[in-house]
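Student: Just target37.csv, nothing more (CSV, C-alpha atoms (C1' of nucleotides)):
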chain,number,residue,atom,x,y,z
F,1,MET,CA,138.4,-53.6,-33.2
F,2,ASP,CA,139.8,-51.4,-36.0
F,3,HIS,CA,141.6,-49.3,-33.5
F,4,HIS,CA,143.3,-52.4,-32.1
F,5,ALA,CA,144.4,-53.4,-35.5
F,6,LEU,CA,145.6,-49.9,-36.1
F,7,LEU,CA,147.7,-50.0,-33.0
F,8,LEU,CA,149.4,-53.3,-33.8
F,9,LEU,CA,150.0,-52.3,-37.4
F,10,GLY,CA,151.3,-49.0,-36.3
F,11,LEU,CA,153.7,-50.6,-33.9
F,12,LEU,CA,154.8,-53.1,-36.4
F,13,LYS,CA,155.3,-50.5,-39.1
F,14,ASN,CA,158.0,-49.0,-37.0
F,15,GLN,CA,159.7,-52.3,-36.3
F,16,ALA,CA,159.0,-56.0,-36.7
F,17,GLN,CA,158.5,-57.6,-33.3
F,18,HIS,CA,157.5,-60.7,-31.6
F,19,GLY,CA,154.3,-61.0,-29.5
F,20,TYR,CA,155.9,-60.6,-26.2
F,21,GLN,CA,157.7,-57.4,-27.2
F,22,LEU,CA,154.6,-55.9,-28.5
F,23,ASN,CA,152.6,-56.7,-25.4
F,24,ASP,CA,155.3,-55.6,-23.1
F,25,PHE,CA,155.6,-52.3,-24.9
F,26,ILE,CA,151.8,-51.8,-24.8
F,27,GLU,CA,151.6,-52.7,-21.1
F,28,LYS,CA,154.5,-50.5,-20.1
F,29,ASN,CA,154.0,-47.5,-22.3
F,30,LEU,CA,150.5,-47.4,-23.7
F,31,ALA,CA,148.3,-48.9,-20.9
F,32,ARG,CA,146.9,-45.4,-20.3
F,33,VAL,CA,145.7,-44.8,-23.8
F,34,THR,CA,144.6,-48.2,-25.0
F,35,ASN,CA,142.9,-51.2,-23.4
F,36,LEU,CA,144.3,-53.8,-25.8
F,37,LYS,CA,145.0,-56.9,-23.7
F,38,LYS,CA,147.6,-59.6,-24.2
F,39,ALA,CA,145.3,-62.4,-25.3
F,40,THR,CA,143.4,-60.0,-27.5
F,41,ALA,CA,146.6,-58.9,-29.2
F,42,TYR,CA,147.7,-62.5,-29.9
F,43,ALA,CA,144.3,-63.3,-31.3
F,44,LEU,CA,144.3,-60.2,-33.4
F,45,LEU,CA,147.8,-60.9,-34.7
F,46,GLU,CA,146.6,-64.2,-35.9
F,47,ARG,CA,143.7,-62.7,-37.7
F,48,LEU,CA,146.0,-60.1,-39.3
F,49,ARG,CA,148.2,-62.9,-40.5
F,50,GLU,CA,145.2,-64.7,-42.0
F,51,SER,CA,144.3,-61.5,-43.8
F,52,GLY,CA,147.9,-61.1,-45.1
F,53,LEU,CA,148.4,-57.9,-43.3
F,54,VAL,CA,151.3,-59.2,-41.3
F,55,ALA,CA,153.8,-62.0,-42.0
F,56,VAL,CA,155.1,-64.3,-39.3
F,57,LYS,CA,158.6,-65.8,-39.1
F,58,LEU,CA,159.8,-68.2,-36.5
F,59,GLU,CA,163.0,-67.2,-34.8
F,60,GLN,CA,165.1,-69.0,-32.4
F,61,GLU,CA,167.5,-67.3,-30.0
F,62,GLY,CA,169.9,-69.4,-28.0
F,63,ASN,CA,168.2,-72.1,-26.1
F,64,ARG,CA,164.9,-70.3,-25.8
F,65,PRO,CA,161.8,-71.7,-27.4
F,66,PRO,CA,161.2,-70.4,-30.9
F,67,ARG,CA,159.1,-67.3,-31.1
F,68,LYS,CA,157.0,-65.7,-33.7
F,69,VAL,CA,158.2,-62.5,-35.2
F,70,TYR,CA,155.5,-60.4,-36.8
F,71,ALA,CA,156.3,-58.0,-39.6
F,72,ILE,CA,153.9,-55.7,-41.4
F,73,THR,CA,153.4,-56.6,-45.1
F,74,LYS,CA,153.0,-54.3,-48.0
F,75,SER,CA,149.2,-54.7,-47.9
F,76,GLY,CA,149.4,-54.2,-44.2
F,77,GLU,CA,150.9,-50.8,-44.7
F,78,THR,CA,148.2,-49.8,-47.1
F,79,GLU,CA,145.6,-51.0,-44.6
F,80,PHE,CA,147.3,-49.1,-41.9
F,81,LEU,CA,147.1,-45.8,-43.7
F,82,GLU,CA,143.5,-46.5,-44.6
F,83,LEU,CA,142.6,-47.3,-41.0
F,84,LEU,CA,144.6,-44.3,-39.8
F,85,ARG,CA,142.7,-41.9,-42.0
F,86,THR,CA,139.2,-43.2,-41.1
F,87,GLU,CA,140.0,-43.4,-37.4
F,88,LEU,CA,141.6,-40.0,-37.3
F,89,CYS,CA,138.6,-38.4,-39.0
F,90,ASN,CA,136.3,-40.1,-36.5
F,91,ALA,CA,134.9,-38.6,-33.4
F,92,GLU,CA,132.7,-40.9,-31.4
F,93,PRO,CA,130.9,-39.6,-28.4
F,94,ILE,CA,133.1,-40.7,-25.5
F,95,SER,CA,130.8,-43.3,-24.1
F,96,SER,CA,132.6,-44.5,-21.1
F,97,PRO,CA,131.1,-47.1,-18.8
F,98,GLU,CA,131.5,-44.8,-15.8
F,99,SER,CA,128.6,-42.7,-17.0
F,100,THR,CA,126.2,-45.4,-16.4
F,101,ALA,CA,126.5,-45.3,-12.6
F,102,LEU,CA,126.0,-41.6,-12.7
F,103,MET,CA,122.5,-42.1,-14.1
F,104,PHE,CA,121.5,-43.9,-11.0
F,105,MET,CA,123.5,-42.2,-8.3
F,106,THR,CA,120.4,-40.6,-6.7
F,107,GLU,CA,119.3,-44.1,-5.8
F,108,LEU,CA,121.9,-44.0,-3.1
F,109,GLU,CA,121.4,-42.1,0.1
F,110,PRO,CA,123.3,-38.8,0.0
F,111,ASP,CA,125.9,-39.9,2.5
F,112,GLU,CA,126.8,-43.0,0.7
F,113,ARG,CA,126.6,-41.2,-2.6
F,114,ILE,CA,129.1,-38.6,-1.5
F,115,ASP,CA,131.4,-41.2,-0.2
F,116,CYS,CA,131.4,-43.0,-3.5
F,117,LEU,CA,131.9,-39.8,-5.5
F,118,ASN,CA,134.8,-38.9,-3.2
F,119,THR,CA,136.4,-42.3,-3.8
F,120,ARG,CA,135.9,-41.8,-7.5
F,121,LEU,CA,137.6,-38.4,-7.3
F,122,GLU,CA,140.5,-39.9,-5.5
F,123,LYS,CA,141.0,-42.5,-8.1
F,124,LEU,CA,140.7,-39.9,-10.8
F,125,ASN,CA,143.4,-37.8,-9.1
F,126,GLN,CA,145.5,-40.9,-8.9
F,127,HIS,CA,145.2,-41.5,-12.6
F,128,ILE,CA,146.1,-38.0,-13.3
F,129,ALA,CA,149.1,-38.2,-11.1
F,130,ASN,CA,150.2,-41.4,-12.8
F,131,LEU,CA,149.9,-39.8,-16.1
F,132,GLU,CA,151.9,-36.7,-15.1
F,133,ASN,CA,154.7,-39.0,-14.1
F,134,ILE,CA,155.1,-40.6,-17.5
F,135,PRO,CA,158.1,-39.2,-19.2
F,136,THR,CA,157.1,-37.4,-22.3
F,137,HIS,CA,157.5,-39.7,-25.3
F,138,LYS,CA,159.4,-38.6,-28.3
F,139,SER,CA,156.7,-39.8,-30.6
F,140,ALA,CA,153.1,-38.8,-31.4
F,141,VAL,CA,152.1,-41.0,-28.5
F,142,ASN,CA,152.3,-37.7,-26.7
F,143,PHE,CA,149.1,-36.5,-28.4
F,144,ALA,CA,147.2,-39.5,-27.1
F,145,LEU,CA,148.6,-38.9,-23.6
F,146,GLU,CA,147.9,-35.2,-23.8
F,147,ARG,CA,144.3,-35.9,-24.8
F,148,GLN,CA,143.9,-38.4,-22.1
F,149,MET,CA,145.1,-35.9,-19.6
F,150,VAL,CA,142.8,-33.2,-20.8
F,151,LEU,CA,139.9,-35.5,-20.6
F,152,LEU,CA,140.8,-36.8,-17.1
F,153,LYS,CA,141.1,-33.3,-15.8
F,154,ALA,CA,137.8,-32.2,-17.4
F,155,ASP,CA,136.3,-35.2,-15.8
F,156,ARG,CA,137.8,-34.3,-12.4
F,157,ASP,CA,136.8,-30.7,-12.5
F,158,TRP,CA,133.2,-31.7,-13.4
F,159,LEU,CA,133.1,-34.2,-10.6
F,160,ILE,CA,134.2,-31.6,-8.1
F,161,GLY,CA,131.4,-29.5,-9.3
F,162,VAL,CA,128.9,-32.4,-8.8
F,163,LEU,CA,130.2,-33.0,-5.3
F,164,GLU,CA,129.7,-29.4,-4.4
F,165,ARG,CA,126.1,-29.6,-5.6
F,166,GLN,CA,125.5,-32.6,-3.4
F,167,GLN,CA,125.1,-30.5,-0.3
G,1,MET,CA,129.7,-55.7,-18.9
G,2,ASP,CA,128.9,-54.8,-15.4
G,3,HIS,CA,127.8,-51.4,-16.5
G,4,HIS,CA,125.4,-52.9,-19.0
G,5,ALA,CA,123.9,-55.0,-16.3
G,6,LEU,CA,123.7,-51.9,-14.1
G,7,LEU,CA,121.9,-50.0,-16.8
G,8,LEU,CA,119.3,-52.7,-17.4
G,9,LEU,CA,118.7,-53.4,-13.7
G,10,GLY,CA,118.4,-49.7,-13.1
G,11,LEU,CA,115.8,-49.3,-15.8
G,12,LEU,CA,113.9,-52.3,-14.6
G,13,LYS,CA,114.1,-51.1,-11.0
G,14,ASN,CA,112.0,-48.2,-12.0
G,15,GLN,CA,109.5,-50.2,-14.0
G,16,ALA,CA,109.1,-53.7,-15.3
G,17,GLN,CA,109.3,-53.7,-19.1
G,18,HIS,CA,109.5,-55.8,-22.1
G,19,GLY,CA,112.6,-56.0,-24.3
G,20,TYR,CA,111.4,-53.7,-27.0
G,21,GLN,CA,110.4,-51.0,-24.5
G,22,LEU,CA,113.9,-51.1,-22.9
G,23,ASN,CA,115.7,-51.0,-26.2
G,24,ASP,CA,113.5,-48.3,-27.5
G,25,PHE,CA,114.1,-46.1,-24.4
G,26,ILE,CA,117.8,-46.7,-24.6
G,27,GLU,CA,118.0,-45.9,-28.3
G,28,LYS,CA,115.9,-42.8,-28.0
G,29,ASN,CA,117.2,-41.4,-24.7
G,30,LEU,CA,120.4,-42.9,-23.7
G,31,ALA,CA,122.3,-43.5,-27.0
G,32,ARG,CA,124.7,-40.7,-26.1
G,33,VAL,CA,125.7,-42.1,-22.8
G,34,THR,CA,125.7,-45.8,-23.4
G,35,ASN,CA,126.6,-48.1,-26.2
G,36,LEU,CA,124.4,-51.0,-25.2
G,37,LYS,CA,123.0,-52.5,-28.4
G,38,LYS,CA,119.7,-54.2,-28.9
G,39,ALA,CA,121.0,-57.7,-29.4
G,40,THR,CA,123.4,-57.3,-26.5
G,41,ALA,CA,120.6,-56.2,-24.3
G,42,TYR,CA,118.5,-59.2,-25.1
G,43,ALA,CA,121.4,-61.5,-24.5
G,44,LEU,CA,122.2,-59.9,-21.2
G,45,LEU,CA,118.6,-60.0,-20.1
G,46,GLU,CA,118.6,-63.7,-20.7
G,47,ARG,CA,121.8,-64.0,-18.6
G,48,LEU,CA,120.3,-61.9,-15.9
G,49,ARG,CA,117.3,-64.2,-15.9
G,50,GLU,CA,119.6,-67.3,-15.6
G,51,SER,CA,121.2,-65.6,-12.6
G,52,GLY,CA,117.8,-64.9,-11.0
G,53,LEU,CA,118.3,-61.1,-11.1
G,54,VAL,CA,115.3,-60.6,-13.3
G,55,ALA,CA,112.1,-62.6,-13.7
G,56,VAL,CA,110.4,-63.0,-17.0
G,57,LYS,CA,106.7,-63.2,-17.5
G,58,LEU,CA,104.9,-63.8,-20.8
G,59,GLU,CA,102.3,-61.2,-21.6
G,60,GLN,CA,99.8,-61.1,-24.4
G,61,GLU,CA,98.2,-57.9,-25.5
G,62,GLY,CA,95.3,-58.1,-28.0
G,63,ASN,CA,96.3,-60.1,-31.0
G,64,ARG,CA,100.0,-59.3,-30.8
G,65,PRO,CA,102.4,-62.0,-30.3
G,66,PRO,CA,103.2,-62.7,-26.7
G,67,ARG,CA,106.1,-60.8,-25.4
G,68,LYS,CA,108.5,-61.2,-22.5
G,69,VAL,CA,108.1,-58.7,-19.6
G,70,TYR,CA,111.2,-58.4,-17.5
G,71,ALA,CA,111.0,-57.4,-13.9
G,72,ILE,CA,113.8,-57.0,-11.4
G,73,THR,CA,113.8,-59.5,-8.5
G,74,LYS,CA,114.7,-59.0,-4.9
G,75,SER,CA,118.2,-60.3,-5.5
G,76,GLY,CA,118.4,-58.2,-8.6
G,77,GLU,CA,117.8,-55.1,-6.5
G,78,THR,CA,120.5,-56.1,-4.1
G,79,GLU,CA,122.9,-56.7,-7.0
G,80,PHE,CA,121.9,-53.4,-8.5
G,81,LEU,CA,122.9,-51.5,-5.4
G,82,GLU,CA,126.1,-53.4,-5.2
G,83,LEU,CA,127.0,-52.7,-8.8
G,84,LEU,CA,126.0,-49.1,-8.4
G,85,ARG,CA,128.3,-48.7,-5.5
G,86,THR,CA,131.3,-50.2,-7.1
G,87,GLU,CA,130.8,-48.5,-10.5
G,88,LEU,CA,130.1,-45.1,-8.9
G,89,CYS,CA,133.4,-45.4,-6.9
G,90,ASN,CA,135.3,-46.3,-10.0
G,91,ALA,CA,137.2,-44.1,-12.3
G,92,GLU,CA,138.8,-45.7,-15.2
G,93,PRO,CA,141.1,-43.8,-17.5
G,94,ILE,CA,138.9,-42.8,-20.4
G,95,SER,CA,140.5,-45.0,-22.9
G,96,SER,CA,138.6,-44.2,-26.0
G,97,PRO,CA,139.5,-45.9,-29.3
G,98,GLU,CA,140.0,-42.5,-30.9
G,99,SER,CA,143.2,-41.9,-29.1
G,100,THR,CA,144.9,-44.7,-31.1
G,101,ALA,CA,144.8,-42.8,-34.3
G,102,LEU,CA,146.4,-39.8,-32.6
G,103,MET,CA,149.4,-41.8,-31.8
G,104,PHE,CA,150.1,-42.2,-35.4
G,105,MET,CA,148.9,-39.1,-36.9
G,106,THR,CA,152.3,-37.9,-37.8
G,107,GLU,CA,152.5,-40.7,-40.3
G,108,LEU,CA,150.2,-38.7,-42.6
G,109,GLU,CA,151.5,-35.7,-44.6
G,110,PRO,CA,150.6,-32.4,-42.9
G,111,ASP,CA,147.9,-31.5,-45.4
G,112,GLU,CA,146.1,-34.8,-45.1
G,113,ARG,CA,146.5,-34.8,-41.4
G,114,ILE,CA,145.0,-31.4,-41.0
G,115,ASP,CA,142.1,-32.4,-43.2
G,116,CYS,CA,141.4,-35.4,-41.1
G,117,LEU,CA,141.6,-33.4,-37.9
G,118,ASN,CA,139.2,-30.9,-39.3
G,119,THR,CA,136.8,-33.5,-40.2
G,120,ARG,CA,137.1,-34.9,-36.7
G,121,LEU,CA,136.5,-31.4,-35.3
G,122,GLU,CA,133.3,-31.1,-37.4
G,123,LYS,CA,132.0,-34.3,-36.1
G,124,LEU,CA,132.8,-33.4,-32.6
G,125,ASN,CA,130.9,-30.2,-33.0
G,126,GLN,CA,128.0,-32.1,-34.5
G,127,HIS,CA,127.9,-34.4,-31.4
G,128,ILE,CA,128.0,-31.4,-29.1
G,129,ALA,CA,125.1,-29.8,-31.0
G,130,ASN,CA,123.1,-33.0,-30.8
G,131,LEU,CA,123.7,-33.2,-27.2
G,132,GLU,CA,122.7,-29.6,-26.6
G,133,ASN,CA,119.4,-30.3,-28.3
G,134,ILE,CA,118.4,-33.0,-25.9
G,135,PRO,CA,115.7,-31.7,-23.6
G,136,THR,CA,117.0,-32.0,-20.0
G,137,HIS,CA,115.8,-35.1,-18.4
G,138,LYS,CA,114.1,-34.9,-15.1
G,139,SER,CA,116.2,-37.8,-13.8
G,140,ALA,CA,119.8,-38.3,-12.8
G,141,VAL,CA,120.4,-39.2,-16.4
G,142,ASN,CA,121.3,-35.5,-16.6
G,143,PHE,CA,124.5,-36.2,-14.8
G,144,ALA,CA,125.6,-38.6,-17.4
G,145,LEU,CA,124.6,-36.2,-20.2
G,146,GLU,CA,126.3,-33.3,-18.4
G,147,ARG,CA,129.5,-35.3,-18.1
G,148,GLN,CA,129.4,-36.4,-21.7
G,149,MET,CA,129.0,-32.8,-22.7
G,150,VAL,CA,131.9,-31.7,-20.5
G,151,LEU,CA,134.2,-34.3,-22.0
G,152,LEU,CA,133.2,-33.6,-25.5
G,153,LYS,CA,133.9,-29.9,-25.1
G,154,ALA,CA,137.2,-30.6,-23.5
G,155,ASP,CA,138.0,-32.9,-26.4
G,156,ARG,CA,137.0,-30.3,-28.9
G,157,ASP,CA,139.0,-27.5,-27.2
G,158,TRP,CA,142.0,-29.7,-27.1
G,159,LEU,CA,141.6,-30.7,-30.7
G,160,ILE,CA,141.5,-27.0,-31.7
G,161,GLY,CA,144.8,-26.5,-29.9
G,162,VAL,CA,146.3,-29.4,-31.7
G,163,LEU,CA,145.2,-28.0,-35.0
G,164,GLU,CA,146.7,-24.7,-34.3
G,165,ARG,CA,150.0,-26.4,-33.5
G,166,GLN,CA,150.0,-28.1,-36.9
G,167,GLN,CA,151.1,-25.0,-38.8
Y,1,DA,C1',89.5,-52.9,-49.1
Y,2,DC,C1',94.2,-53.5,-49.4
Y,3,DG,C1',99.2,-53.0,-49.9
Y,4,DA,C1',103.3,-50.4,-48.3
Y,5,DG,C1',105.8,-49.1,-44.7
Y,6,DG,C1',106.6,-48.5,-40.0
Y,7,DA,C1',106.2,-50.4,-35.2
Y,8,DT,C1',106.7,-54.4,-32.5
Y,9,DA,C1',109.6,-58.2,-30.7
Y,10,DG,C1',112.8,-60.6,-31.0
Y,11,DT,C1',116.8,-64.5,-32.8
Y,12,DC,C1',121.3,-66.2,-34.5
Y,13,DA,C1',125.7,-67.0,-36.5
Y,14,DA,C1',130.0,-65.1,-36.5
Y,15,DG,C1',133.2,-62.1,-34.7
Y,16,DT,C1',135.8,-60.3,-30.5
Y,17,DA,C1',137.8,-60.1,-26.0
Y,18,DT,C1',140.0,-61.9,-21.9
Y,19,DG,C1',141.0,-64.1,-17.2
Y,20,DA,C1',143.2,-67.9,-16.1
Y,21,DC,C1',146.4,-71.1,-17.3
Y,22,DT,C1',150.7,-73.6,-19.2
Y,23,DA,C1',155.4,-74.2,-19.9
Y,24,DT,C1',160.2,-73.0,-20.5
Y,25,DT,C1',164.4,-70.3,-19.5
Y,26,DC,C1',167.1,-67.2,-17.0
Y,27,DT,C1',169.1,-65.1,-12.7
Y,28,DA,C1',170.2,-63.8,-8.2
Y,29,DT,C1',171.1,-65.4,-3.7
Y,30,DA,C1',171.4,-68.3,0.2
N,1,DT,C1',174.8,-75.1,-6.5
N,2,DA,C1',170.0,-75.8,-5.7
N,3,DT,C1',166.0,-73.2,-6.1
N,4,DA,C1',162.6,-69.5,-5.8
N,5,DG,C1',161.0,-66.2,-8.4
N,6,DA,C1',160.9,-63.2,-12.5
N,7,DA,C1',161.0,-63.0,-17.5
N,8,DT,C1',159.6,-65.0,-21.8
N,9,DA,C1',156.0,-66.7,-24.9
N,10,DG,C1',152.2,-67.8,-25.6
N,11,DT,C1',147.1,-70.9,-25.5
N,12,DC,C1',142.3,-71.8,-24.6
N,13,DA,C1',137.7,-72.1,-22.9
N,14,DT,C1',134.4,-69.1,-22.0
N,15,DA,C1',132.0,-65.1,-22.2
N,16,DC,C1',130.5,-60.9,-24.6
N,17,DT,C1',128.9,-58.3,-28.7
N,18,DT,C1',126.6,-57.2,-32.8
N,19,DG,C1',125.1,-56.8,-37.9
N,20,DA,C1',121.9,-58.9,-40.3
N,21,DC,C1',118.0,-61.3,-40.4
N,22,DT,C1',113.0,-63.1,-39.4
N,23,DA,C1',108.2,-62.5,-38.6
N,24,DT,C1',104.0,-60.6,-37.1
N,25,DC,C1',100.8,-56.7,-36.4
N,26,DC,C1',99.0,-52.1,-37.2
N,27,DT,C1',97.7,-47.9,-39.7
N,28,DC,C1',97.0,-44.7,-43.2
N,29,DG,C1',96.4,-43.2,-47.8
N,30,DT,C1',94.3,-44.4,-52.1
Can you turn what I pasted into structure tokens?
Tutor:
Amino acid sequence: MDHHALLLLGLLKNQAQHGYQLNDFIEKNLARVTNLKKATAYALLERLRESGLVAVKLEQEGNRPPRKVYAITKSGETEFLELLRTELCNAEPISSPESTALMFMTELEPDERIDCLNTRLEKLNQHIANLENIPTHKSAVNFALERQMVLLKADRDWLIGVLERQQ
Amino acid sequence: MDHHALLLLGLLKNQAQHGYQLNDFIEKNLARVTNLKKATAYALLERLRESGLVAVKLEQEGNRPPRKVYAITKSGETEFLELLRTELCNAEPISSPESTALMFMTELEPDERIDCLNTRLEKLNQHIANLENIPTHKSAVNFALERQMVLLKADRDWLIGVLERQQ
DNA sequence: ACGAGGATAGTCAAGTATGACTATTCTATA
DNA sequence: TATAGAATAGTCATACTTGACTATCCTCGT
């Protein structure tokens, strides 16, 4: 959860925004490096408001329904830095759900197993291709994308090795 | 959530067990490749029971309080295979929370940033060392451990590169 | 013979996450 | 100039997760 708060605070630190803008940006630019969903973001924004880390202002533009503009507060900025420090120092083992299936893959017959792994490989390659097509960001977002790419490629290379061993 | 169900079903497929046994095994052997927590496992076991994927039997041993022994059902085995197939075919981008902090690391002064990254590197190395010390399992769990190791090392190597670029 | 601490076996309240849904406004085109 | 569909801006019920807690039983050293 902390990383989600970190993300929202970080984005708001750059610029006050309303929910849609935030979610749109995340969806279009950061989908590969975060899994923060729209509804989650709204809920979290509300919690951040309750904690005084962001301030909300209603804004009306033209005929559109009023929308909430979120801005980071002073204490939000402090919290942001604190979170950033702890999260940046942290290295959790990458426990991705996909590992689970690997633990049981021998329960499938070799043929089927190999089919599945090949599908997996295809999807991995697809992800890698997608990532390669993202124009390099000007910001430090690049670091996250770069890391993602490195991990995806390592995963792919490993998977290729596994496939070879299946014969 | 599916991967958690897959894990429990997979373990029960091998052998009927009670909750403690399951959790103990996960904690001692699989902590590096899954993040399923005790309370989560119990809750999930209950849900699996409701769905008829596992059956529960009360068992009393000596004077000990009765405990619930979970066994996979026929439909549980079917579901297991189904889950296994879909999960094994799947390759999600590895969206680990740690990437978030990287997106904002330039908000810290270089000195502090480098300190944080070094701490991160240390922890990564620690994780790698821990993983290296795990005796190789006989089962396919090895695949999951192997993958974890590959990813951790890729992460580390990348991080070292990042640190070098910080000068 | 007994008390501390670990092993055993969970439960629960509170926090988090999200798919599906609602509702309005704009815009391009037929 | 209707009107279908996209963009805007969220909400909500439901499901999932987990830290903290409870409670009993066993064992080992004194």
Student: Show me the residues around (132.3, -28.6, -27.8) - criterion: an atom at most 7 Å away, only C-alpha atoms (C1' of nucleotides) counted - as a short mmCIF file (atom, residue, chain, number, x, y, z; two decimals) with C-alpha atoms, in the frame of the given file.
Tutor:
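point.cif written:
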data_model
loop_
_atom_site.label_atom_id
_atom_site.label_comp_id
_atom_site.auth_asym_id
_atom_site.auth_seq_id
_atom_site.Cartn_x
_atom_site.Cartn_y
_atom_site.Cartn_z
CA LEU G 124 132.80 -33.40 -32.60
CA ASN G 125 130.90 -30.20 -33.00
CA ILE G 128 128.00 -31.40 -29.10
CA LEU G 152 133.20 -33.60 -25.50
CA LYS G 153 133.90 -29.90 -25.10
CA ALA G 154 137.20 -30.60 -23.50
CA ARG G 156 137.00 -30.30 -28.90
CA ASP G 157 139.00 -27.50 -27.20
#
Student: Which residues, written as a VMD selection string, have at least one atom at most 10 Å from Arg113 of chain G, with only C-alpha atoms (C1' of nucleotides) counted and residues fewer than 2 positions away on the same chain left out?
Tutor: (chain F and resid 84 to 85 88 to 89) or (chain G and resid 105 to 111 115 to 119 163 166)
Student: Show me, as a PyMOL selection string, the residues that have an atom within 12 Å of DA14 of chain Y when counting all atoms listed in the file, minus same-chain residues fewer than 5 positions from it.
Tutor: chain N and resi 17-20
Student: For Leu30 of chain F, which residue out of G:Val150, G:Phe80, G:Met103, G:Trp158 is the nearest one, using all atoms listed in the file?
Tutor: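 For Leu30 of chain F, the nearest of the candidates is G:Met103.
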Student: Considering all atoms listed in the file, give me a table of residues in chain N that are at most 10 Å from chain F, with the closest atom pair and distance in Å for each, as JSON lines.
Tutor:
{"residue": "N:DT8", "atom": "C1'", "partner": "F:Tyr20", "partner_atom": "CA", "distance": 7.2}
{"residue": "N:DA9", "atom": "C1'", "partner": "F:Tyr20", "partner_atom": "CA", "distance": 6.2}
{"residue": "N:DG10", "atom": "C1'", "partner": "F:Gly19", "partner_atom": "CA", "distance": 8.1}
{"residue": "N:DT11", "atom": "C1'", "partner": "F:Ala39", "partner_atom": "CA", "distance": 8.7}
{"residue": "N:DC12", "atom": "C1'", "partner": "F:Ala39", "partner_atom": "CA", "distance": 9.9}
Student: Can you work out the spacing between atom CA of Asn29 of chain G and atom CA of Phe104 of chain F in Å, to one decimal?
Tutor: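 Interatomic distance, atom CA of Asn29 of chain G to atom CA of Phe104 of chain F: 14.6 Å.
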Student: Excluding same-chain residues fewer than 3 positions from DA4 of chain N, what lies within 12 Å of it counting all atoms listed in the file, as a list of chain:residue names?
Tutor: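 Result of the neighbour search: Y:DT27, Y:DA28, Y:DT29, Y:DA30.
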Student: With a distance threshold of 12 Å and counting all atoms listed in the file, extract the residues of chain Y near chain G and express them as a PyMOL selection string.
Tutor: chain Y and resi 7-12+17
Student: Take the selection from the previous step and output its residues with C-alpha atoms (C1' of nucleotides), as a compact mmCIF listing (two decimals), keeping the file's coordinate frame.
Tutor:
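Result went into result36.txt, see below:
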# COMPACT_ATOMS: atom_id res chain seq x y z
C1' DA Y 7 106.20 -50.40 -35.20
C1' DT Y 8 106.70 -54.40 -32.50
C1' DA Y 9 109.60 -58.20 -30.70
C1' DG Y 10 112.80 -60.60 -31.00
C1' DT Y 11 116.80 -64.50 -32.80
C1' DC Y 12 121.30 -66.20 -34.50
C1' DA Y 17 137.80 -60.10 -26.00
